[in-house]
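Quick notes on the structure that follows.
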Amino acid sequence: MNIHEKFMLEALKEAKKAYKKMEVPVGAVAVLDGKIIARAHNNRETKQKFSGHAEFIVMEKASKKVQSWRLSEVSIYVTLEPCLMCAGALIQSRVKALYYGSKDLKSGSIDSIINLQELPYNHKIEYESGILAEESTELLKRFFRELRENKK
């Protein structure tokens, strides 16, 4: 197991917490100097906040930890490709690197629908996709399958 898989497993633990709360199972961790400094999972439904995405929350927590809005030495691991809001926040916070599992073909804004990295922003994020993607995708599929079955 490589270091990226190690941290993505931690993000998957967070996603499973969201799953248990009937939230879309997405989890994230923030890493600085090889150590996790923040953890989060989706809580949009629980908190009724549009910003309740795992990566958005983990960036807020990491900012408090490093006492700066600039996260230029922080890497974010998230189980699902960030949406437009979160991708923009990653750029604005100057995150060093992003590692994610599953692509989001409906709202992904790093590789899928749009790649914000291709626009002329003053900050570019190193990124890598597909880390434990199968595990992330299966968790999401199971969640939505159960949600549909419970509505019948």
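Chain labels run A, B, ... following the order of the structure tokens; each chain numbers its residues from 1, and ligands are numbered from 1 in the order shown.
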
**Request:** Compile the contact shell of A:Lys13 as a VMD selection string: residues with an atom at most 10 Å away, counting only C-alpha atoms, same-chain residues fewer than 6 positions apart removed.
**Result:** chain A and resid 7 19 25 to 29 39 to 41 79

**Request:** Output as number ranges by chain all residues of chain A that backbone DSSP marks as alpha helix (DSSP H).
**Result:** A: 3-20, 44-47, 54-66, 84-92, 133-151

**Message:** With distances taken over only C-alpha atoms, which residue among A:Ser107, A:Asn42, A:Ser102, A:Asn115 lies nearest A:Ala133?
**Reply:**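 So, comparing all the options, the nearest one is A:Ser102.
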
**Item:** strand (DSSP E) residues, from DSSP on the backbone, in stretch 4-133 of chain A, as a list in words
**Value:** Gly27, Ala28, Val29, Ala30, Val31, Leu32, Lys35, Ile36, Ile37, Ala38, Arg39, Ala40, His41, Ser75, Ile76, Tyr77, Val78, Thr79, Leu80, Ala97, Leu98, Tyr99, Tyr100, Gly101, Ser102, Glu126, Tyr127 and Glu128 of chain A

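With distances taken over only C-alpha atoms, A:Ala97 is the one residue among A:Leu84, A:Leu116, A:Ala97, A:Leu147 lying closest to A:Glu128.
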
**Message:** Need to verify the contact set: A:Val24, 12 Å, only C-alpha atoms, exclusion of same-chain residues closer than 2 positions in sequence. Can you return it as a PyMOL selection string?
**Reply:** chain A and resi 14-22+26-27+41-46+52-54+79-80+136-137+139-147

Next, dump the selected residues to file, keeping only N, CA and C atoms, as a short mmCIF file (atom, residue, chain, number, x, y, z; two decimals), in the first residue's frame.
```cif
data_model
loop_
_atom_site.label_atom_id
_atom_site.label_comp_id
_atom_site.auth_asym_id
_atom_site.auth_seq_id
_atom_site.Cartn_x
_atom_site.Cartn_y
_atom_site.Cartn_z
N GLU A 14 -14.18 8.27 6.65
CA GLU A 14 -15.07 9.43 6.81
C GLU A 14 -16.32 9.28 5.95
N ALA A 15 -16.15 8.78 4.73
CA ALA A 15 -17.29 8.57 3.84
C ALA A 15 -18.29 7.59 4.46
N LYS A 16 -17.78 6.58 5.12
CA LYS A 16 -18.66 5.60 5.78
C LYS A 16 -19.42 6.22 6.94
N LYS A 17 -18.83 7.21 7.61
CA LYS A 17 -19.55 7.93 8.66
C LYS A 17 -20.73 8.68 8.06
N ALA A 18 -20.50 9.31 6.90
CA ALA A 18 -21.58 10.02 6.21
C ALA A 18 -22.69 9.04 5.83
N TYR A 19 -22.30 7.88 5.32
CA TYR A 19 -23.25 6.84 4.91
C TYR A 19 -24.18 6.47 6.06
N LYS A 20 -23.59 6.28 7.23
CA LYS A 20 -24.39 5.90 8.42
C LYS A 20 -25.37 6.98 8.82
N LYS A 21 -25.09 8.23 8.45
CA LYS A 21 -25.96 9.35 8.78
C LYS A 21 -26.94 9.67 7.64
N MET A 22 -26.96 8.79 6.63
CA MET A 22 -27.80 8.99 5.44
C MET A 22 -27.40 10.24 4.66
N VAL A 26 -19.26 10.76 1.09
CA VAL A 26 -18.02 11.35 0.63
C VAL A 26 -17.24 11.75 1.88
N GLY A 27 -15.96 11.41 1.89
CA GLY A 27 -15.10 11.75 3.02
C GLY A 27 -13.82 12.39 2.53
N HIS A 41 -16.60 14.69 6.64
CA HIS A 41 -17.48 13.96 5.72
C HIS A 41 -18.68 14.85 5.42
N ASN A 42 -19.39 14.51 4.35
CA ASN A 42 -20.55 15.31 3.96
C ASN A 42 -21.52 15.45 5.12
N ASN A 43 -22.10 16.66 5.23
CA ASN A 43 -23.15 16.88 6.24
C ASN A 43 -24.20 17.87 5.75
N ARG A 44 -24.38 17.94 4.44
CA ARG A 44 -25.35 18.89 3.87
C ARG A 44 -26.75 18.69 4.40
N GLU A 45 -27.20 17.46 4.46
CA GLU A 45 -28.56 17.18 4.93
C GLU A 45 -28.68 17.40 6.43
N THR A 46 -27.72 16.92 7.18
CA THR A 46 -27.75 17.03 8.64
C THR A 46 -27.74 18.49 9.07
N GLY A 52 -21.83 22.00 2.95
CA GLY A 52 -21.57 20.79 3.72
C GLY A 52 -20.90 19.67 2.95
N HIS A 53 -20.03 20.00 2.03
CA HIS A 53 -19.27 18.99 1.28
C HIS A 53 -18.00 18.65 2.08
N ALA A 54 -17.62 17.39 2.03
CA ALA A 54 -16.48 16.91 2.82
C ALA A 54 -15.22 17.73 2.60
N THR A 79 -12.83 11.29 -1.48
CA THR A 79 -13.26 10.07 -2.16
C THR A 79 -13.96 10.31 -3.49
N LEU A 80 -14.42 11.54 -3.73
CA LEU A 80 -15.13 11.86 -4.97
C LEU A 80 -14.57 13.16 -5.56
N SER A 136 -14.50 3.69 -3.52
CA SER A 136 -15.31 4.91 -3.43
C SER A 136 -16.58 4.78 -4.27
N THR A 137 -16.43 4.29 -5.48
CA THR A 137 -17.56 4.15 -6.39
C THR A 137 -18.57 3.15 -5.84
N LEU A 139 -19.18 2.30 -2.75
CA LEU A 139 -19.88 2.88 -1.60
C LEU A 139 -20.98 3.83 -2.06
N LEU A 140 -20.68 4.67 -3.04
CA LEU A 140 -21.67 5.59 -3.58
C LEU A 140 -22.82 4.85 -4.26
N LYS A 141 -22.50 3.84 -5.07
CA LYS A 141 -23.54 3.07 -5.75
C LYS A 141 -24.46 2.38 -4.76
N ARG A 142 -23.87 1.78 -3.73
CA ARG A 142 -24.68 1.09 -2.71
C ARG A 142 -25.60 2.08 -2.00
N PHE A 143 -25.09 3.25 -1.65
CA PHE A 143 -25.87 4.28 -0.97
C PHE A 143 -27.09 4.67 -1.81
N PHE A 144 -26.87 5.00 -3.08
CA PHE A 144 -27.98 5.45 -3.92
C PHE A 144 -28.93 4.31 -4.26
N ARG A 145 -28.42 3.09 -4.38
CA ARG A 145 -29.30 1.94 -4.59
C ARG A 145 -30.23 1.76 -3.39
N GLU A 146 -29.69 1.81 -2.19
CA GLU A 146 -30.49 1.67 -0.98
C GLU A 146 -31.48 2.82 -0.83
N LEU A 147 -31.06 4.01 -1.20
CA LEU A 147 -31.94 5.16 -1.13
C LEU A 147 -33.15 4.97 -2.05
#
```

**Asked** Do you know which residues are at most 7 Å from A:Tyr99 counting only C-alpha atoms, after dropping those on the same chain fewer than 3 positions away, and could you put them as a ChimeraX atom specification?
**Response** /A:76-78,127-129

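By only C-alpha atoms, and with residues fewer than 4 positions from A:Gln117 along its chain excluded, the set lying at most 10 Å from it is Ala87, Gly88, Ile91, Ser109, Ile110, Asp111, Tyr121, Asn122, His123, Lys124, Ile125, Glu126 and Tyr127 of chain A.
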
Using the selection just defined, write its residues with N, CA and C atoms as a PDB file, in the first residue's frame.
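Final output, part.pdb:
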```pdb
ATOM      1  N   ALA A  87     -13.938  22.775  -6.009  1.00  0.00           N
ATOM      2  CA  ALA A  87     -12.741  22.963  -6.830  1.00  0.00           C
ATOM      3  C   ALA A  87     -12.295  24.424  -6.779  1.00  0.00           C
ATOM      4  N   GLY A  88     -13.260  25.327  -6.830  1.00  0.00           N
ATOM      5  CA  GLY A  88     -12.934  26.747  -6.703  1.00  0.00           C
ATOM      6  C   GLY A  88     -12.322  27.067  -5.347  1.00  0.00           C
ATOM      7  N   ILE A  91      -8.707  25.963  -5.210  1.00  0.00           N
ATOM      8  CA  ILE A  91      -7.838  26.928  -5.895  1.00  0.00           C
ATOM      9  C   ILE A  91      -7.659  28.175  -5.030  1.00  0.00           C
ATOM     10  N   SER A 109     -15.438  18.870 -11.334  1.00  0.00           N
ATOM     11  CA  SER A 109     -14.848  20.069 -11.940  1.00  0.00           C
ATOM     12  C   SER A 109     -13.324  20.068 -11.935  1.00  0.00           C
ATOM     13  N   ILE A 110     -12.739  18.872 -11.854  1.00  0.00           N
ATOM     14  CA  ILE A 110     -11.289  18.727 -11.981  1.00  0.00           C
ATOM     15  C   ILE A 110     -10.966  18.011 -13.287  1.00  0.00           C
ATOM     16  N   ASP A 111     -11.748  16.987 -13.628  1.00  0.00           N
ATOM     17  CA  ASP A 111     -11.519  16.203 -14.846  1.00  0.00           C
ATOM     18  C   ASP A 111     -12.778  15.992 -15.693  1.00  0.00           C
ATOM     19  N   TYR A 121      -6.270  30.775 -13.845  1.00  0.00           N
ATOM     20  CA  TYR A 121      -6.166  31.190 -12.443  1.00  0.00           C
ATOM     21  C   TYR A 121      -4.696  31.304 -12.067  1.00  0.00           C
ATOM     22  N   ASN A 122      -4.436  32.043 -10.994  1.00  0.00           N
ATOM     23  CA  ASN A 122      -3.051  32.264 -10.581  1.00  0.00           C
ATOM     24  C   ASN A 122      -2.494  31.121  -9.736  1.00  0.00           C
ATOM     25  N   HIS A 123      -3.272  30.097  -9.492  1.00  0.00           N
ATOM     26  CA  HIS A 123      -2.784  28.952  -8.717  1.00  0.00           C
ATOM     27  C   HIS A 123      -3.214  27.659  -9.402  1.00  0.00           C
ATOM     28  N   LYS A 124      -2.308  26.750  -9.517  1.00  0.00           N
ATOM     29  CA  LYS A 124      -2.586  25.421 -10.074  1.00  0.00           C
ATOM     30  C   LYS A 124      -2.372  24.392  -8.973  1.00  0.00           C
ATOM     31  N   ILE A 125      -3.245  23.421  -8.918  1.00  0.00           N
ATOM     32  CA  ILE A 125      -3.175  22.364  -7.918  1.00  0.00           C
ATOM     33  C   ILE A 125      -2.621  21.103  -8.567  1.00  0.00           C
ATOM     34  N   GLU A 126      -1.651  20.494  -7.936  1.00  0.00           N
ATOM     35  CA  GLU A 126      -1.229  19.166  -8.378  1.00  0.00           C
ATOM     36  C   GLU A 126      -2.403  18.244  -8.069  1.00  0.00           C
ATOM     37  N   TYR A 127      -2.715  17.327  -8.969  1.00  0.00           N
ATOM     38  CA  TYR A 127      -3.797  16.397  -8.636  1.00  0.00           C
ATOM     39  C   TYR A 127      -3.585  15.037  -9.276  1.00  0.00           C
TER      40      TYR A 127
END
```

**All residues 6 Å or closer to A:Ser93, only C-alpha atoms, same chain fewer than 2 positions away omitted, as a PyMOL selection string** = chain A and resi 69-71+89-91+95

**Asked** What is the distance, in Å and to one decimal place, between atom CA of A:Leu119 and atom CA of A:Gln92?
**Response** 13.2 Å

**Request:** Return the single residue from A:Val31, A:Ile36, A:Leu98, A:Ile113 that is closest to A:Val74, with distances computed using only C-alpha atoms.
**Result:**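 Checking each of A:Val31, A:Ile36, A:Leu98, A:Ile113 against A:Val74, counting only C-alpha atoms, the winner is A:Val31.
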
**Request:** May I ask which of the residues A:Ile37, A:Leu12, A:Met59, A:Val66 is the closest one to A:Leu132, counting only C-alpha atoms?
**Result:**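 Closest to A:Leu132 of all the choices is A:Leu12.
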
**Message:** One number please: atom CA of A:Met8 to atom CA of A:Ala30, in Å, one decimal.
**Reply:** 10.4 Å

**Request:** Measuring atom to atom with only C-alpha atoms, identify which of A:Met1, A:Gly101, A:Ser63, A:Gly108 is nearest to A:Glu138.
**Result:**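 Of the candidates, the smallest distance to A:Glu138 is held by A:Gly101.
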
**Request:** Measure the distance from atom CA of A:Cys83 to atom CA of A:Lys65 in Å and round it to one decimal.
**Result:**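 Taking atom CA of A:Cys83 and atom CA of A:Lys65, their separation equals 23.9 Å.
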